[in-house]
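Written below as structure tokens is the structure these notes are about.
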Amino acid sequence: MVGENWWVTLSLLTTTTVATTIILSTLLHHTSAGFTLEQGIPHFNTKPYFLPPPSNNVTALEGQSAYLHCRVAQLGDKKVSWIRRRDLHVLTSGVQTFASDQRFLALHAERSENWTLQIRFSQVRDSGEYQCQVNTDPRISTIFTLNVLEAATLMEGSDQRYVRAGSTIQLKCRTSTPSESPGLLYWYRDTEILQQGGRVNISTSMNGATVSTLTVRDATVADSGNYTCWPTKFLPASVMVHVKTEEKAAAKSDSTVNNGSPVNTQEVKTSAGSSTTTTTTTATTVLLLLLLLLLLSRGDAEGLLGLLSLSAVSSDPQQHTYPAR
């Protein structure tokens with residue numbers, strides 16, 4: 001009987017020792033999560049501390065909401081505040097917003113450890129560092145970095161396109177941020193959404209940058225209008241397309257020369273008349289000189305005087321007065 005009691009006592013002591021060792025090891029392992037050991041006696045730490053966030057570096061697309069998630073355990077009666085680092089402006093405290101910019105909101109569910117700063121309709125200028133702070137003594141804080149990417153759509157070529165009727169309209173657009181998904185992408189002509197099929201072909205690729213190409217075959221005057229490429233997560237881009245018929249294009253071509261300057265028919269006529277007059281005057285002068293040389297060689301004084309009179313008439317017909325017969 002004594003032997004049996006001895007074995008039972010030994011088994012109980014061994015089990016108690018193993019259990020105590022496991023408990024102490026577990027407490028030592030979780031010290032950083034809120035437990036401390038003082039003089040070998042474990043107890044709970046009641047001070048607030050930060051839990052690992054999903055990410056301290058957040059990227060958002062311009063125009064979309066940006067979210068910064070701060071997780072605080074054992075907050076107790078303390079408050080969480082969000083501070084913009086560049087100007088040390090307190091944006092929120094608890095769930096109350098202090099910023100005049102109503103785009104900033106503090107989101108918190110009851111009994112949750114998450115204190116989220118929401119920035120609605122984010123802008124590129126919102127990029128920078130934000131501080132999640134708890135008003136302990138001393139205060140504790142953690143830093144988040146926000147990067148807001150520009151959400152622009154770029155249309156290739158000029159914003160005015162001229163196309164001959166019967167030819168092909170081809171437009172291409174791309175997003176300014178290659179790494180971001182554009183969401184849904186639509187092509188518009190004025191207010192009409194263009195659909196794939198018939199004369200219309202839409203091709204979109206997302207190999208790095210998002211590029212979309214619109215092709216309209218056998219263009220008609222009715223295809224003229226304002227064409228818009230609009231990825232739903234980006235700002236749209238537009239181009240004006242003018243489809244001209246052959247007759248209008250030919251008329252426009254005939255009415256312009258040298259960079260589109262109109263032909264001045266009056267100037268053409270004046271230039272031609274001046275050229276003819278100059279040629280006639282030159283021929284008359286040459287003839288008079290030949291006659292003068294001939295008369296001088298003969299010594300014909302009377303003929304010489306007559307020739308001089310004829311020369312005066314030819315040189316100034318407006319002022320010469322013919323003698324009455």
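Ordering of the structure tokens sets the chain letters (A, B, ...); residue numbers start at 1 within each chain; ligands are numbered from 1 in the order shown.
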How close does stretch 66-113 of chain A get to stretch 136-153 of chain A? List, as JSON lines, each residue of stretch 66-113 of chain A within 10 Å, its nearest atom pair and the distance in Å to one decimal, counting only C-alpha atoms.
{"residue": "A:Ala66", "atom": "CA", "partner": "A:Leu146", "partner_atom": "CA", "distance": 8.2}
{"residue": "A:Tyr67", "atom": "CA", "partner": "A:Leu146", "partner_atom": "CA", "distance": 9.1}
{"residue": "A:Leu68", "atom": "CA", "partner": "A:Phe144", "partner_atom": "CA", "distance": 7.2}
{"residue": "A:His69", "atom": "CA", "partner": "A:Phe144", "partner_atom": "CA", "distance": 8.8}
{"residue": "A:Cys70", "atom": "CA", "partner": "A:Thr142", "partner_atom": "CA", "distance": 8.3}
{"residue": "A:Leu75", "atom": "CA", "partner": "A:Thr136", "partner_atom": "CA", "distance": 9.3}
{"residue": "A:Asp77", "atom": "CA", "partner": "A:Thr136", "partner_atom": "CA", "distance": 9.7}
{"residue": "A:Lys78", "atom": "CA", "partner": "A:Thr136", "partner_atom": "CA", "distance": 6.8}
{"residue": "A:Lys79", "atom": "CA", "partner": "A:Thr136", "partner_atom": "CA", "distance": 8.4}
{"residue": "A:Val80", "atom": "CA", "partner": "A:Ser141", "partner_atom": "CA", "distance": 9.3}
{"residue": "A:Ser81", "atom": "CA", "partner": "A:Ser141", "partner_atom": "CA", "distance": 9.3}
{"residue": "A:Trp82", "atom": "CA", "partner": "A:Ser141", "partner_atom": "CA", "distance": 9.6}
{"residue": "A:Ile83", "atom": "CA", "partner": "A:Ile143", "partner_atom": "CA", "distance": 9.6}
{"residue": "A:Arg84", "atom": "CA", "partner": "A:Phe144", "partner_atom": "CA", "distance": 9.9}
{"residue": "A:Arg85", "atom": "CA", "partner": "A:Ile143", "partner_atom": "CA", "distance": 8.9}
Against stretch 88-106 of chain A, which residues of stretch 112-145 of chain A fall within 12 Å? For each one I want the closest pair of atoms and the distance in Å (one decimal), counting only C-alpha atoms, rows by chain and increasing residue number, as CSV.
residue,atom,partner,partner_atom,distance
A:Asn114,CA,A:Ala106,CA,10.2
A:Trp115,CA,A:Ala106,CA,6.9
A:Thr116,CA,A:Ala106,CA,5.7
A:Leu117,CA,A:Ala106,CA,4.9
A:Gln118,CA,A:Leu105,CA,5.1
A:Ile119,CA,A:Phe104,CA,4.8
A:Arg120,CA,A:Arg103,CA,4.8
A:Phe121,CA,A:Arg103,CA,7.0
A:Ser122,CA,A:Arg103,CA,8.0
A:Gln123,CA,A:Arg103,CA,10.3
A:Asp126,CA,A:Phe104,CA,10.6
A:Gly128,CA,A:Leu88,CA,11.9
A:Glu129,CA,A:Leu88,CA,10.2
A:Tyr130,CA,A:Leu88,CA,9.1
A:Gln131,CA,A:Leu88,CA,9.0
A:Cys132,CA,A:Thr92,CA,9.8
A:Gln133,CA,A:Ser93,CA,9.2
A:Val134,CA,A:Ser93,CA,9.5
A:Asn135,CA,A:Ser93,CA,9.9
Selection near A:Gln195, 12 Å with only C-alpha atoms, sequence-local residues under 3 positions removed, as an mmCIF file with C-alpha atoms, in the first residue's frame:
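The resulting file, around15.cif, is reproduced below:
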data_model
loop_
_atom_site.group_PDB
_atom_site.id
_atom_site.type_symbol
_atom_site.label_atom_id
_atom_site.label_comp_id
_atom_site.auth_asym_id
_atom_site.auth_seq_id
_atom_site.Cartn_x
_atom_site.Cartn_y
_atom_site.Cartn_z
ATOM 1 C CA LEU A 185 -12.608 51.200 -69.939
ATOM 2 C CA TYR A 186 -15.143 52.853 -72.265
ATOM 3 C CA TRP A 187 -14.934 54.714 -75.583
ATOM 4 C CA TYR A 188 -17.528 57.440 -76.261
ATOM 5 C CA ARG A 189 -18.532 59.432 -79.351
ATOM 6 C CA GLU A 192 -22.829 57.500 -77.060
ATOM 7 C CA GLY A 198 -19.480 46.183 -87.362
ATOM 8 C CA ARG A 199 -17.170 48.999 -88.423
ATOM 9 C CA VAL A 200 -16.005 49.542 -84.813
ATOM 10 C CA ASN A 201 -13.104 47.617 -83.271
ATOM 11 C CA ILE A 202 -11.790 48.176 -79.707
ATOM 12 C CA SER A 203 -8.525 46.566 -78.582
ATOM 13 C CA LEU A 214 -10.313 52.419 -81.221
ATOM 14 C CA THR A 215 -10.698 51.777 -84.970
ATOM 15 C CA VAL A 216 -13.661 52.916 -87.096
#
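Atom CA of A:Ala222 to atom CA of A:Asp190 spans 11.6 Å [interatomic distance, one decimal].
Between atom CA of A:Arg71 and atom CA of A:Pro48 there is a distance of 10.3 Å.
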Please provide the set of residues having any atom within 10 Å of A:Ser181, restricted to only C-alpha atoms, with same-chain residues fewer than 6 positions apart removed, written as an NGL selection string. :A and (61 or 175 or 206 or 208-210 or 231-234)
Within stretch 88-150 of chain A, find each residue whose DSSP state, derived from the backbone, is strand (DSSP E or B), and express the selection as a compact mmCIF listing (two decimals) with N, CA, C and O atoms, in the first residue's frame.
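And here's states02.txt as it stands now:
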# COMPACT_ATOMS: atom_id res chain seq x y z
N HIS A 89 -0.43 69.06 -38.40
CA HIS A 89 -1.86 69.37 -38.23
C HIS A 89 -2.59 68.13 -37.71
O HIS A 89 -2.47 67.04 -38.29
N VAL A 90 -3.33 68.31 -36.58
CA VAL A 90 -4.12 67.20 -36.03
C VAL A 90 -5.37 67.05 -36.89
O VAL A 90 -6.23 67.94 -36.92
N LEU A 91 -5.48 65.91 -37.57
CA LEU A 91 -6.61 65.68 -38.46
C LEU A 91 -7.81 65.12 -37.72
O LEU A 91 -8.94 65.56 -37.91
N THR A 92 -7.56 64.11 -36.86
CA THR A 92 -8.64 63.48 -36.10
C THR A 92 -8.14 63.14 -34.70
O THR A 92 -6.94 62.96 -34.47
N SER A 93 -9.09 63.05 -33.77
CA SER A 93 -8.81 62.56 -32.43
C SER A 93 -10.01 61.71 -32.01
O SER A 93 -11.13 62.21 -31.96
N GLN A 96 -13.52 61.97 -33.88
CA GLN A 96 -13.86 63.35 -34.20
C GLN A 96 -12.83 63.93 -35.17
O GLN A 96 -11.62 63.75 -34.99
N THR A 97 -13.31 64.62 -36.21
CA THR A 97 -12.44 65.23 -37.22
C THR A 97 -12.19 66.69 -36.88
O THR A 97 -13.13 67.46 -36.63
N PHE A 104 -11.16 64.11 -44.80
CA PHE A 104 -10.49 63.30 -43.78
C PHE A 104 -11.50 62.80 -42.75
O PHE A 104 -12.24 63.59 -42.16
N LEU A 105 -11.52 61.48 -42.53
CA LEU A 105 -12.44 60.86 -41.58
C LEU A 105 -11.71 59.80 -40.77
O LEU A 105 -10.81 59.13 -41.28
N ALA A 106 -12.11 59.66 -39.48
CA ALA A 106 -11.60 58.58 -38.65
C ALA A 106 -12.66 57.48 -38.58
O ALA A 106 -13.81 57.74 -38.23
N LEU A 107 -12.28 56.26 -38.92
CA LEU A 107 -13.20 55.12 -38.92
C LEU A 107 -12.82 54.18 -37.79
O LEU A 107 -11.66 53.77 -37.67
N ASN A 114 -8.86 48.58 -34.54
CA ASN A 114 -8.51 49.33 -35.75
C ASN A 114 -8.98 50.77 -35.65
O ASN A 114 -10.15 51.04 -35.37
N TRP A 115 -8.04 51.68 -35.90
CA TRP A 115 -8.34 53.12 -36.00
C TRP A 115 -7.84 53.57 -37.37
O TRP A 115 -6.64 53.72 -37.58
N THR A 116 -8.77 53.72 -38.30
CA THR A 116 -8.42 53.93 -39.71
C THR A 116 -8.64 55.38 -40.11
O THR A 116 -9.71 55.96 -39.82
N LEU A 117 -7.64 55.96 -40.78
CA LEU A 117 -7.79 57.29 -41.36
C LEU A 117 -8.20 57.12 -42.82
O LEU A 117 -7.47 56.50 -43.60
N GLN A 118 -9.35 57.65 -43.16
CA GLN A 118 -9.82 57.61 -44.55
C GLN A 118 -9.64 58.98 -45.18
O GLN A 118 -10.03 60.00 -44.59
N ILE A 119 -9.06 59.01 -46.39
CA ILE A 119 -8.92 60.25 -47.16
C ILE A 119 -9.72 60.05 -48.44
O ILE A 119 -9.31 59.32 -49.33
N GLY A 128 2.57 61.86 -48.57
CA GLY A 128 3.45 62.25 -47.47
C GLY A 128 3.30 61.33 -46.28
O GLY A 128 2.73 60.23 -46.38
N GLU A 129 3.83 61.76 -45.13
CA GLU A 129 3.81 60.94 -43.92
C GLU A 129 2.67 61.35 -42.99
O GLU A 129 2.38 62.54 -42.82
N TYR A 130 2.04 60.33 -42.37
CA TYR A 130 0.97 60.53 -41.40
C TYR A 130 1.31 59.75 -40.14
O TYR A 130 1.82 58.63 -40.21
N GLN A 131 1.04 60.35 -38.98
CA GLN A 131 1.41 59.78 -37.69
C GLN A 131 0.17 59.35 -36.91
O GLN A 131 -0.75 60.14 -36.69
N CYS A 132 0.16 58.08 -36.49
CA CYS A 132 -0.89 57.56 -35.60
C CYS A 132 -0.33 57.64 -34.18
O CYS A 132 0.68 57.01 -33.87
N GLN A 133 -0.99 58.42 -33.33
CA GLN A 133 -0.45 58.72 -32.01
C GLN A 133 -1.45 58.37 -30.91
O GLN A 133 -2.65 58.60 -31.05
N VAL A 134 -0.94 57.81 -29.78
CA VAL A 134 -1.76 57.51 -28.61
C VAL A 134 -1.28 58.42 -27.48
O VAL A 134 -0.07 58.54 -27.22
N ILE A 140 3.06 57.51 -27.49
CA ILE A 140 3.62 56.54 -28.43
C ILE A 140 2.99 56.81 -29.80
O ILE A 140 1.85 57.29 -29.90
N SER A 141 3.76 56.52 -30.84
CA SER A 141 3.26 56.79 -32.20
C SER A 141 3.93 55.88 -33.20
O SER A 141 4.99 55.29 -32.93
N THR A 142 3.32 55.77 -34.37
CA THR A 142 3.88 55.02 -35.50
C THR A 142 3.60 55.80 -36.78
O THR A 142 2.60 56.53 -36.86
N ILE A 143 4.49 55.66 -37.77
CA ILE A 143 4.44 56.48 -38.98
C ILE A 143 3.94 55.66 -40.17
O ILE A 143 4.34 54.50 -40.35
N PHE A 144 3.07 56.29 -40.99
CA PHE A 144 2.59 55.71 -42.24
C PHE A 144 2.97 56.64 -43.38
O PHE A 144 2.94 57.87 -43.23
N THR A 145 3.32 56.07 -44.53
CA THR A 145 3.66 56.85 -45.73
C THR A 145 2.62 56.60 -46.81
O THR A 145 2.35 55.45 -47.17
N LEU A 146 2.05 57.70 -47.30
CA LEU A 146 1.02 57.61 -48.35
C LEU A 146 1.58 58.16 -49.66
O LEU A 146 2.18 59.24 -49.68
N ASN A 147 1.39 57.41 -50.74
CA ASN A 147 1.81 57.85 -52.08
C ASN A 147 0.59 57.82 -52.99
O ASN A 147 0.06 56.74 -53.29
N VAL A 148 0.13 59.01 -53.41
CA VAL A 148 -1.04 59.11 -54.30
C VAL A 148 -0.54 59.31 -55.73
O VAL A 148 0.18 60.27 -56.02
N LEU A 149 -0.92 58.39 -56.61
CA LEU A 149 -0.48 58.43 -58.00
C LEU A 149 -1.45 59.21 -58.87
O LEU A 149 -2.67 59.13 -58.68
Might you pull out every residue within 9 Å of A:Thr220, with only C-alpha atoms counted and same-chain residues fewer than 6 positions away left off, and present them as a list in words? Arg164, Ala165, Gly166, Ser167, Val243, Lys244 and Thr245 of chain A
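In this model, the gap between atom CA of A:Thr168 and atom CA of A:Thr228 comes to 17.1 Å.
Proximity of A:Gln74, A:Thr46, A:Asn226, A:Ser158 to A:Glu113, computed with only C-alpha atoms, is greatest for A:Gln74.
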